[in-house]
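The file start-v7.txt contains compact mmCIF, C-alpha atoms and all ligand atoms:
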```
# COMPACT_ATOMS: atom_id res chain seq x y z
CA MET A 159 78.38 -5.79 171.78
CA ASN A 160 82.05 -6.56 172.12
CA LYS A 161 84.62 -4.94 169.84
CA PHE A 162 84.73 -7.81 167.38
CA VAL A 163 80.99 -7.83 166.90
CA ILE A 164 80.92 -4.06 166.39
CA ALA A 165 83.70 -4.24 163.83
CA PHE A 166 81.91 -7.05 162.04
CA ALA A 167 78.60 -5.20 162.04
CA LEU A 168 80.29 -2.04 160.73
CA SER A 169 82.04 -3.90 157.95
CA PHE A 170 78.74 -5.54 157.03
CA VAL A 171 77.05 -2.14 156.88
CA THR A 172 79.90 -0.74 154.79
CA PHE A 173 79.76 -3.69 152.41
CA HIS A 174 76.01 -3.48 152.13
CA THR A 175 76.16 0.26 151.43
CA GLN A 176 78.89 -0.18 148.81
CA ALA A 177 76.84 -2.83 147.03
CA GLN A 178 73.78 -0.59 147.13
CA THR A 179 75.81 2.35 145.83
CA PHE A 180 77.17 0.26 142.97
CA ASP A 181 73.69 -0.95 142.03
CA ALA A 182 72.37 2.61 142.18
CA CYS A 183 75.28 3.74 140.03
CA VAL A 184 74.53 1.04 137.44
CA ALA A 185 70.86 2.05 137.44
CA SER A 186 71.85 5.65 136.80
CA LEU A 187 74.25 4.60 134.01
CA ARG A 188 71.40 2.65 132.43
CA GLN A 189 69.33 5.85 132.37
CA ASN A 190 72.21 7.74 130.69
CA ALA A 191 72.59 4.96 128.14
CA ILE A 192 68.86 4.82 127.34
CA ALA A 193 68.93 8.61 126.82
CA GLN A 194 71.68 8.00 124.23
CA GLY A 195 69.59 5.48 122.36
CA ILE A 196 70.90 2.21 123.80
CA SER A 197 68.09 -0.35 123.99
CA PRO A 198 66.98 -1.94 127.29
CA GLY A 199 67.72 -5.37 125.74
CA THR A 200 71.34 -4.39 125.04
CA LEU A 201 71.69 -3.04 128.58
CA ASP A 202 70.18 -6.18 130.12
CA ALA A 203 72.81 -8.28 128.32
CA ALA A 204 75.71 -5.92 129.00
CA PHE A 205 74.98 -5.38 132.72
CA LYS A 206 73.79 -8.94 133.48
CA ASP A 207 74.93 -9.95 137.02
CA ILE A 208 77.50 -7.13 136.97
CA GLU A 209 79.65 -6.64 140.07
CA SER A 210 82.41 -4.19 140.85
CA ASP A 211 85.90 -5.56 139.97
CA GLU A 212 88.31 -4.66 142.76
CA THR A 213 91.35 -5.77 140.69
CA VAL A 214 90.60 -2.96 138.23
CA LEU A 215 90.73 -0.39 141.05
CA LYS A 216 94.01 -1.91 142.25
CA SER A 217 95.48 -1.51 138.77
CA TYR A 218 94.19 2.07 138.61
CA ASP A 219 95.88 2.93 141.93
CA TYR A 220 99.06 0.97 141.21
CA GLN A 221 102.12 3.17 140.92
CA PRO A 222 104.88 1.03 139.49
CA GLU A 223 107.82 1.24 141.87
CA PHE A 224 109.96 -0.43 139.26
CA ARG A 225 110.85 1.85 136.38
CA THR A 226 111.91 -0.15 133.35
CA PRO A 227 115.13 1.14 131.79
CA ILE A 228 114.64 1.86 128.09
CA TRP A 229 117.11 -0.89 127.08
CA ASP A 230 115.01 -3.48 128.93
CA TYR A 231 111.82 -2.13 127.42
CA LEU A 232 113.20 -2.34 123.86
CA ALA A 233 114.94 -5.69 124.39
CA GLY A 234 111.56 -7.24 125.22
CA LEU A 235 109.52 -5.52 122.51
CA VAL A 236 111.96 -5.74 119.61
CA ASP A 237 113.63 -9.15 119.78
CA ASP A 238 114.49 -11.70 117.08
CA GLU A 239 111.32 -13.63 117.84
CA ARG A 240 109.09 -10.60 117.16
CA VAL A 241 111.02 -9.74 114.00
CA ALA A 242 110.57 -13.34 112.73
CA ASP A 243 106.87 -13.35 113.69
CA GLY A 244 106.43 -9.98 111.97
CA GLN A 245 108.09 -11.21 108.80
CA ALA A 246 105.78 -14.22 108.73
CA LYS A 247 102.77 -11.91 109.18
CA LEU A 248 104.00 -9.65 106.34
CA LYS A 249 103.88 -12.67 104.04
CA GLU A 250 100.62 -14.07 105.36
CA TRP A 251 98.75 -10.75 105.06
CA SER A 252 100.58 -9.23 102.08
CA LYS A 253 97.40 -8.70 100.04
CA THR A 254 95.57 -6.93 102.89
CA LEU A 255 98.67 -4.87 103.70
CA ALA A 256 99.05 -3.79 100.07
CA GLU A 257 95.42 -2.62 100.13
CA ALA A 258 96.00 -0.72 103.39
CA GLU A 259 99.11 0.97 101.93
CA GLN A 260 97.09 1.93 98.88
CA LYS A 261 94.12 3.29 100.82
CA TYR A 262 95.83 5.00 103.80
CA GLY A 263 99.37 5.66 102.56
CA VAL A 264 100.98 3.97 105.59
CA ASP A 265 103.66 1.39 104.85
CA ARG A 266 103.14 -2.26 105.76
CA HIS A 267 106.18 -2.50 108.03
CA THR A 268 104.87 0.20 110.36
CA ILE A 269 101.36 -1.30 110.41
CA VAL A 270 102.74 -4.74 111.30
CA ALA A 271 105.12 -3.23 113.90
CA VAL A 272 102.19 -1.56 115.69
CA TRP A 273 100.26 -4.85 115.58
CA GLY A 274 103.24 -6.72 117.03
CA VAL A 275 103.84 -4.30 119.88
CA GLU A 276 100.16 -3.67 120.73
CA SER A 277 98.90 -7.26 120.92
CA ASN A 278 101.79 -9.55 119.86
CA PHE A 279 99.99 -9.95 116.50
CA GLY A 280 96.58 -10.46 118.09
CA ARG A 281 97.71 -13.06 120.62
CA ILE A 282 97.50 -10.85 123.73
CA GLN A 283 94.41 -8.66 123.75
CA GLY A 284 93.60 -8.59 127.49
CA THR A 285 91.06 -10.63 129.44
CA ARG A 286 88.98 -8.17 131.44
CA GLU A 287 85.35 -7.57 130.47
CA LEU A 288 85.18 -3.98 129.21
CA VAL A 289 81.68 -3.19 130.50
CA ARG A 290 82.59 -4.46 133.97
CA SER A 291 85.96 -2.66 134.15
CA LEU A 292 84.62 0.66 132.90
CA THR A 293 81.51 0.51 135.10
CA THR A 294 83.75 -0.22 138.09
CA LEU A 295 85.92 2.83 137.34
CA VAL A 296 82.95 5.15 136.78
CA CYS A 297 81.16 3.99 139.93
CA ALA A 298 84.34 4.34 142.03
CA ASN A 299 84.62 7.94 140.82
CA LYS A 300 87.89 7.45 138.92
CA ARG A 301 88.23 9.97 136.06
CA GLN A 302 84.48 9.63 135.87
CA ALA A 303 83.68 11.73 132.79
CA PHE A 304 86.42 10.01 130.76
CA PHE A 305 85.51 6.43 131.67
CA LYS A 306 81.78 7.14 131.35
CA GLY A 307 82.39 8.23 127.76
CA GLU A 308 84.33 5.01 127.15
CA LEU A 309 81.55 2.92 128.76
CA LEU A 310 78.84 4.53 126.61
CA ALA A 311 81.00 3.96 123.51
CA THR A 312 81.35 0.28 124.54
CA LEU A 313 77.58 -0.07 124.94
CA LYS A 314 77.14 1.39 121.44
CA ILE A 315 79.51 -1.27 120.08
CA VAL A 316 77.42 -3.95 121.81
CA GLN A 317 74.26 -2.46 120.34
CA SER A 318 75.76 -2.31 116.84
CA GLY A 319 76.53 -6.02 116.92
CA ASP A 320 79.90 -5.36 115.22
CA ILE A 321 81.73 -7.25 117.97
CA PRO A 322 80.02 -9.92 120.11
CA LEU A 323 79.73 -8.93 123.80
CA GLN A 324 82.00 -11.79 124.91
CA GLY A 325 84.69 -10.44 122.56
CA LEU A 326 84.73 -7.08 124.33
CA VAL A 327 87.56 -7.86 126.73
CA GLY A 328 90.79 -5.98 127.14
CA SER A 329 93.03 -4.11 129.55
CA TRP A 330 91.77 -2.89 132.92
CA ALA A 331 91.43 0.63 131.43
CA GLY A 332 89.37 -0.49 128.43
CA ALA A 333 91.88 -0.82 125.54
CA PHE A 334 90.79 -3.82 123.48
CA GLY A 335 91.25 -5.82 120.30
CA GLN A 336 94.27 -6.47 118.12
CA THR A 337 94.87 -2.71 117.87
CA GLN A 338 94.23 -2.04 121.59
CA PHE A 339 91.93 0.90 120.80
CA MET A 340 89.90 2.61 123.51
CA PRO A 341 86.16 2.34 122.71
CA THR A 342 85.83 6.03 121.68
CA THR A 343 88.90 5.63 119.43
CA TYR A 344 87.22 2.58 117.92
CA GLN A 345 84.10 4.65 117.23
CA ARG A 346 86.15 7.36 115.53
CA ILE A 347 88.77 5.31 113.69
CA ALA A 348 87.95 1.61 113.25
CA VAL A 349 87.14 0.48 109.69
CA ASP A 350 85.54 -2.57 108.13
CA PHE A 351 88.45 -3.63 105.94
CA ASP A 352 87.35 -7.17 105.06
CA GLY A 353 83.98 -5.93 103.78
CA ASP A 354 81.70 -8.11 105.90
CA GLY A 355 79.79 -5.05 107.12
CA LYS A 356 81.25 -5.19 110.64
CA ARG A 357 84.14 -3.30 112.20
CA ASP A 358 85.63 -6.12 114.21
CA ILE A 359 89.14 -5.33 115.46
CA VAL A 360 88.97 -8.34 117.82
CA ASN A 361 88.38 -11.20 115.40
CA SER A 362 89.26 -9.78 111.96
CA VAL A 363 92.93 -9.25 111.09
CA PRO A 364 92.10 -7.11 108.02
CA ASP A 365 89.82 -4.88 110.14
CA ALA A 366 92.64 -4.52 112.73
CA LEU A 367 95.31 -3.74 110.10
CA GLY A 368 93.08 -1.29 108.20
CA SER A 369 92.08 0.43 111.45
CA THR A 370 95.73 0.81 112.52
CA ALA A 371 96.61 2.34 109.15
CA ASN A 372 93.62 4.68 109.42
CA TYR A 373 94.72 5.72 112.92
CA LEU A 374 98.19 6.67 111.70
CA LYS A 375 96.75 8.48 108.69
CA GLN A 376 94.39 10.49 110.94
CA SER A 377 97.40 11.31 113.15
CA GLY A 378 99.15 13.09 110.30
CA TRP A 379 101.21 10.31 108.69
CA ILE A 380 103.12 11.52 105.64
CA SER A 381 103.08 8.86 102.96
CA GLY A 382 106.53 7.81 101.75
CA ALA A 383 108.43 9.69 104.47
CA ASN A 384 110.50 7.92 107.11
CA TRP A 385 110.12 8.29 110.88
CA GLY A 386 113.74 9.25 111.40
CA TYR A 387 117.10 7.50 111.82
CA GLU A 388 119.95 6.96 114.21
CA VAL A 389 122.52 9.75 114.22
CA GLN A 390 126.04 10.42 115.42
CA LEU A 391 126.49 13.44 117.69
CA PRO A 392 129.60 15.57 117.49
CA ALA A 393 131.80 15.38 120.61
CA GLY A 394 130.43 17.57 123.40
CA TYR A 395 127.09 18.22 121.67
CA ALA A 396 125.18 20.80 123.71
CA GLY A 397 122.40 21.78 121.27
CA ALA A 398 118.66 21.20 121.38
CA SER A 399 117.15 17.81 122.18
CA GLY A 400 113.70 16.44 122.97
CA ARG A 401 110.79 15.49 120.74
CA THR A 402 109.06 18.85 121.02
CA ALA A 403 112.20 20.96 120.40
CA ARG A 404 111.60 21.10 116.66
CA HIS A 405 113.89 22.83 114.17
CA PRO A 406 114.55 22.54 110.47
CA LEU A 407 116.86 19.59 109.82
CA SER A 408 119.53 22.09 108.69
CA HIS A 409 119.76 23.35 112.29
CA PHE A 410 121.05 19.96 113.45
CA THR A 411 123.16 19.38 110.34
CA LYS A 412 125.00 22.67 110.97
CA LEU A 413 125.76 21.52 114.53
CA GLY A 414 127.40 18.38 113.15
CA VAL A 415 124.62 15.84 113.75
CA LYS A 416 124.70 13.27 110.95
CA PRO A 417 123.12 9.93 110.03
CA ILE A 418 125.14 6.95 111.22
CA LYS A 419 124.47 4.78 108.20
CA SER A 420 125.42 6.01 104.77
CA GLY A 421 122.71 5.68 102.16
CA GLN A 422 120.00 6.69 104.65
CA ALA A 423 117.19 8.57 102.92
CA VAL A 424 117.66 12.11 104.24
CA PRO A 425 114.75 14.50 103.63
CA ALA A 426 115.03 18.15 102.62
CA GLU A 427 117.02 20.33 105.03
CA THR A 428 113.90 22.42 105.61
CA THR A 429 112.00 19.43 107.07
CA GLN A 430 111.01 19.90 110.71
CA ALA A 431 113.06 17.59 112.90
CA ALA A 432 113.83 16.87 116.54
CA LEU A 433 116.73 15.15 118.25
CA LEU A 434 115.88 12.29 120.61
CA LEU A 435 118.33 11.17 123.30
CA PRO A 436 116.38 8.41 125.10
CA ALA A 437 119.28 7.55 127.44
CA GLY A 438 121.18 10.82 127.40
CA ALA A 439 124.04 11.99 125.20
CA ASN A 440 126.07 8.79 125.75
CA GLY A 441 123.44 6.43 124.30
CA PRO A 442 121.87 6.03 120.87
CA ALA A 443 120.66 9.33 119.35
CA PHE A 444 117.91 9.78 116.77
CA ILE A 445 116.67 12.48 114.45
CA VAL A 446 112.88 12.14 114.22
CA PHE A 447 110.30 13.61 111.85
CA ARG A 448 106.54 13.99 111.61
CA ASN A 449 105.83 10.27 111.26
CA PHE A 450 107.49 9.62 114.61
CA ASP A 451 104.89 11.96 116.15
CA ALA A 452 102.12 10.04 114.37
CA ILE A 453 103.34 6.82 116.02
CA TYR A 454 103.72 8.68 119.34
CA SER A 455 100.06 9.71 119.22
CA TYR A 456 99.06 6.02 119.28
CA ASN A 457 100.44 5.74 122.83
CA ALA A 458 102.06 8.82 124.29
CA ALA A 459 105.49 7.51 125.29
CA GLU A 460 108.74 8.07 123.40
CA SER A 461 110.04 4.62 124.31
CA TYR A 462 106.85 3.16 122.82
CA ALA A 463 107.17 5.12 119.58
CA LEU A 464 110.84 4.20 119.29
CA SER A 465 110.04 0.50 119.70
CA ILE A 466 107.50 0.66 116.83
CA ALA A 467 109.85 2.68 114.62
CA HIS A 468 112.76 0.32 115.30
CA LEU A 469 110.69 -2.83 114.82
CA ALA A 470 109.46 -1.44 111.48
CA ASP A 471 113.10 -0.87 110.45
CA ARG A 472 114.05 -4.40 111.54
CA LEU A 473 111.14 -5.77 109.49
CA ARG A 474 112.54 -3.89 106.48
CA GLY A 475 115.80 -5.76 106.99
CA GLY A 476 117.56 -3.07 109.04
CA GLY A 477 119.95 -3.93 111.86
CA ARG A 478 120.19 -3.11 115.53
CA PHE A 479 121.19 0.36 116.74
CA ALA A 480 124.87 1.10 116.05
CA THR A 481 125.45 2.86 119.38
CA PRO A 482 125.15 0.66 122.47
CA TRP A 483 122.94 1.67 125.39
CA PRO A 484 124.99 3.21 128.21
CA THR A 485 124.89 0.18 130.50
CA ASP A 486 127.24 -2.71 131.34
CA ASP A 487 124.26 -5.01 131.91
CA ALA A 488 122.15 -5.08 128.74
CA GLY A 489 118.50 -6.10 128.51
CA ILE A 490 117.26 -9.56 127.51
CA SER A 491 114.81 -10.88 124.92
CA ARG A 492 111.55 -12.66 125.68
CA ALA A 493 113.20 -16.03 124.96
CA GLU A 494 115.88 -15.16 127.52
CA ARG A 495 113.21 -14.00 129.98
CA ARG A 496 111.52 -17.38 129.67
CA GLU A 497 114.93 -19.00 130.26
CA VAL A 498 115.41 -16.87 133.40
CA GLN A 499 111.99 -17.97 134.66
CA GLN A 500 112.65 -21.65 133.86
CA ARG A 501 116.01 -21.57 135.63
CA LEU A 502 114.43 -19.91 138.68
CA VAL A 503 111.76 -22.64 138.74
CA ASP A 504 114.51 -25.29 138.43
CA ARG A 505 116.10 -23.75 141.52
CA GLY A 506 112.84 -23.99 143.45
CA TYR A 507 111.56 -20.41 143.15
CA ASP A 508 107.89 -19.64 142.54
CA ILE A 509 107.56 -17.24 139.63
CA GLY A 510 104.00 -18.05 138.54
CA GLU A 511 103.64 -18.88 134.87
CA ILE A 512 106.67 -19.10 132.55
CA ASP A 513 105.48 -16.50 130.05
CA GLY A 514 108.47 -14.28 129.35
CA MET A 515 106.82 -11.44 131.26
CA ILE A 516 108.72 -10.30 134.32
CA GLY A 517 105.94 -9.39 136.75
CA ALA A 518 105.85 -8.90 140.51
CA LYS A 519 106.33 -12.63 141.28
CA SER A 520 109.30 -13.01 138.94
CA ARG A 521 110.90 -9.86 140.36
CA ALA A 522 110.49 -11.12 143.94
CA ALA A 523 112.14 -14.43 143.00
CA ILE A 524 114.96 -12.61 141.18
CA ASN A 525 115.49 -10.47 144.29
CA GLU A 526 115.77 -13.58 146.46
CA PHE A 527 118.17 -15.26 144.05
CA GLN A 528 120.30 -12.12 143.74
CA THR A 529 120.51 -11.80 147.53
CA ALA A 530 121.50 -15.46 147.91
CA ALA A 531 124.09 -15.11 145.13
CA GLY A 532 125.60 -11.96 146.66
CA MET A 533 124.52 -9.82 143.69
CA LYS A 534 122.92 -6.37 143.81
CA ALA A 535 119.30 -7.21 144.64
CA ASP A 536 117.22 -5.03 142.31
CA GLY A 537 114.77 -7.62 140.92
CA ARG A 538 115.83 -6.80 137.38
CA ALA A 539 116.16 -9.42 134.64
CA GLY A 540 119.24 -8.52 132.59
CA GLN A 541 122.25 -10.25 131.00
CA ARG A 542 124.16 -10.43 134.27
CA LEU A 543 121.34 -12.26 136.03
CA LEU A 544 120.96 -14.64 133.08
CA GLN A 545 124.67 -15.51 133.18
CA ALA A 546 124.52 -16.09 136.95
CA LEU A 547 121.54 -18.43 136.52
CA ARG A 548 123.34 -20.34 133.76
CA ALA A 549 126.32 -21.00 136.05
CA PRO A 550 126.29 -24.45 137.66
CA LYS A 551 124.50 -24.61 141.01
CA ALA A 552 126.75 -24.55 144.06
CA LYS A 553 126.60 -27.91 145.82
CA CA U 1 84.85 -6.48 108.98
```
Please re-express this file's structure in structure tokens.
Amino acid sequence: MNKFVIAFALSFVTFHTQAQTFDACVASLRQNAIAQGISPGTLDAAFKDIESDETVLKSYDYQPEFRTPIWDYLAGLVDDERVADGQAKLKEWSKTLAEAEQKYGVDRHTIVAVWGVESNFGRIQGTRELVRSLTTLVCANKRQAFFKGELLATLKIVQSGDIPLQGLVGSWAGAFGQTQFMPTTYQRIAVDFDGDGKRDIVNSVPDALGSTANYLKQSGWISGANWGYEVQLPAGYAGASGRTARHPLSHFTKLGVKPIKSGQAVPAETTQAALLLPAGANGPAFIVFRNFDAIYSYNAAESYALSIAHLADRLRGGGRFATPWPTDDAGISRAERREVQQRLVDRGYDIGEIDGMIGAKSRAAINEFQTAAGMKADGRAGQRLLQALRAPKAK
């Protein structure tokens, strides 16, 4: 055999073995599932023609080389469009939201803010089949015990009939529905809030809103308390900061930290508080309380929790942060991101779909444009790039 033939034969053997291993893995998962009471009929439907999904493994291994600055992250999640959409949803679902407030003690603005950030009010729930993604991860030995638990929880949802199999699609890691719950979270937290006997966070808005409220309640939400507020630091502040550096509010008050807006509801000085400096001492500063931690538990990132908290404030009629982010090139909204993409297309760049999401293709095109325009080529979509794209084309 020449080299090419050997290589081909080896790759065929490898492929064949991988396929066999995957099938054997699925067979073993079926045995686990049957032991947990899942019926063969459910398993036949769930595993029908299943194949490994290599794109899921790529996402698992992907280490984003592009770290989003917090001002870009917030500019995309809390923009005028999302505030307007959220206000429309508050009206449309006011009866359901009043019931959720009554039952779980979580205010409607926070519930709607989570809904808006998690799935853009149900519009973006993910497109990957949960059973396929989770089986792929388990069989490729990625955090096997964790994803196996999520897969078995998914199979139990299929068996329950609460959500049709074709509705069980979501992120590559298995978060699904309007609340983007993981399957085990669904099992623990999801509620039937429209009373049809099914817990359907994919197709039922009331079930999604009730389940979100229940999640926050289970995470220690204190009814009637606020998450926190923006504060002014005294010059040269060198005291404690960070979400887990908790002290009574009086500790910070004594150091000269005070709310920026007068009339802000300030809790008792004995209340446990923390000082958040998401962009260091020269950016916006926030005092946060227990309810901020409840939001944080939904998705463990401070920038995430701040976006929910801020969107909830905006939905209540509050304004933008008083202190600007420490940058001379601020972030842009989703409408402006779509404009950036449209203007790049008009200039002949390929950015994929104009969707307001700056992915790898958009960043590559931005890089090219920035290089051609003599700008710093960092692939970032900010105000400076937008202004450069709006300038007339050089002839
Ligand atoms: Ca229901």
Around all listed atoms of region 458-474 of chain A, padded 3 Å per side, what centre and edge lengths does the axis-aligned box have in Å to one decimal, as lines of an AutoDock Vina configuration file?
```
center_x = 108.1
center_y = 1.5
center_z = 115.9
size_x = 18.0
size_y = 20.6
size_z = 24.8
```
Between CA of Met515 (chain A) and CA of Arg496 (chain A), measure the distance and give it in Å to one decimal. 7.7 Å
Would you mind listing what lies within 12 Å of Ala333 (chain A) as a tab-separated table (two decimals) with C-alpha atoms, in the coordinates of the input, with all atoms listed in the file counted and same-chain residues fewer than 2 positions away left out?
```tsv
chain	number	residue	atom	x	y	z
A	276	GLU	CA	100.16	-3.67	120.73
A	277	SER	CA	98.90	-7.26	120.92
A	282	ILE	CA	97.50	-10.85	123.73
A	283	GLN	CA	94.41	-8.66	123.75
A	284	GLY	CA	93.60	-8.59	127.49
A	285	THR	CA	91.06	-10.63	129.44
A	286	ARG	CA	88.98	-8.17	131.44
A	287	GLU	CA	85.35	-7.57	130.47
A	288	LEU	CA	85.18	-3.98	129.21
A	289	VAL	CA	81.68	-3.19	130.50
A	291	SER	CA	85.96	-2.66	134.15
A	292	LEU	CA	84.62	0.66	132.90
A	305	PHE	CA	85.51	6.43	131.67
A	308	GLU	CA	84.33	5.01	127.15
A	309	LEU	CA	81.55	2.92	128.76
A	312	THR	CA	81.35	0.28	124.54
A	326	LEU	CA	84.73	-7.08	124.33
A	327	VAL	CA	87.56	-7.86	126.73
A	328	GLY	CA	90.79	-5.98	127.14
A	329	SER	CA	93.03	-4.11	129.55
A	330	TRP	CA	91.77	-2.89	132.92
A	331	ALA	CA	91.43	0.63	131.43
A	335	GLY	CA	91.25	-5.82	120.30
A	336	GLN	CA	94.27	-6.47	118.12
A	337	THR	CA	94.87	-2.71	117.87
A	338	GLN	CA	94.23	-2.04	121.59
A	339	PHE	CA	91.93	0.90	120.80
A	340	MET	CA	89.90	2.61	123.51
A	341	PRO	CA	86.16	2.34	122.71
A	342	THR	CA	85.83	6.03	121.68
A	343	THR	CA	88.90	5.63	119.43
A	344	TYR	CA	87.22	2.58	117.92
A	359	ILE	CA	89.14	-5.33	115.46
A	360	VAL	CA	88.97	-8.34	117.82
A	456	TYR	CA	99.06	6.02	119.28
A	457	ASN	CA	100.44	5.74	122.83
```
May I have the residues within 12 Å of region 191-201 of chain A as a PyMOL selection string, using only C-alpha atoms and disregarding those fewer than 6 positions away in the same chain? chain A and resi 184-185+207-208+289+306-319+322-323
Leaving out Val424 (chain A) and any residue of its chain fewer than 6 positions from it, which residues lie within 9 Å of it when counting only C-alpha atoms, given as a ChimeraX atom specification? /A:384,386-387,417
Within 8 Å of ligand CA 1 (chain U), counting all atoms listed in the file, residues as a VMD selection string: chain A and resid 349 to 359 362 364 to 365
Given the point (117.2, -11.2, 115.4) in the file's coordinates, find the residues that have an atom at most 10 Å from it, counting only C-alpha atoms, and give them as a PyMOL selection string. chain A and resi 236-242+472+477-478+491
Would you compute the distance between CA of Ala463 (chain A) and CA of Ser377 (chain A)? Give it in Å to one decimal. 13.2 Å
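Distances to Ser408 (chain A) were evaluated for A:Thr485, A:Gln302, A:Thr213, A:Thr429 using all atoms listed in the file, and the minimum falls at A:Thr429.
Between CA of Gly441 (chain A) and CA of Pro227 (chain A) there is a distance of 12.4 Å.
Near Gly517 (chain A), within 12 Å and counting all atoms listed in the file, sit A:Pro222, A:Glu223, A:Phe224, A:Thr226, A:Arg495, A:Gln499, A:Asp508, A:Ile509, A:Gly510, A:Glu511, A:Ile512, A:Asp513, A:Gly514, A:Ser520, A:Arg521, A:Ala522, A:Ala523, A:Ile524, A:Gly537, A:Arg538, A:Ala539; same-chain residues fewer than 3 positions away were not included.
With distances taken over all atoms listed in the file, A:Arg542 is the one residue among A:Leu407, A:Arg542, A:Gln189, A:Ala423 lying closest to Gly489 (chain A).
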Residues near Ala443 (chain A), cut-off 12 Å, all atoms listed in the file, skip fewer than 2 positions along chain, as a PyMOL selection string: chain A and resi 386-392+395+399-401+415-418+432-441+445-446+464+479-484
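With all atoms listed in the file as the basis for measurement, A:Phe447 is the residue among A:Phe447, A:Phe304, A:Trp251, A:Tyr462 that approaches Ala426 (chain A) most closely.
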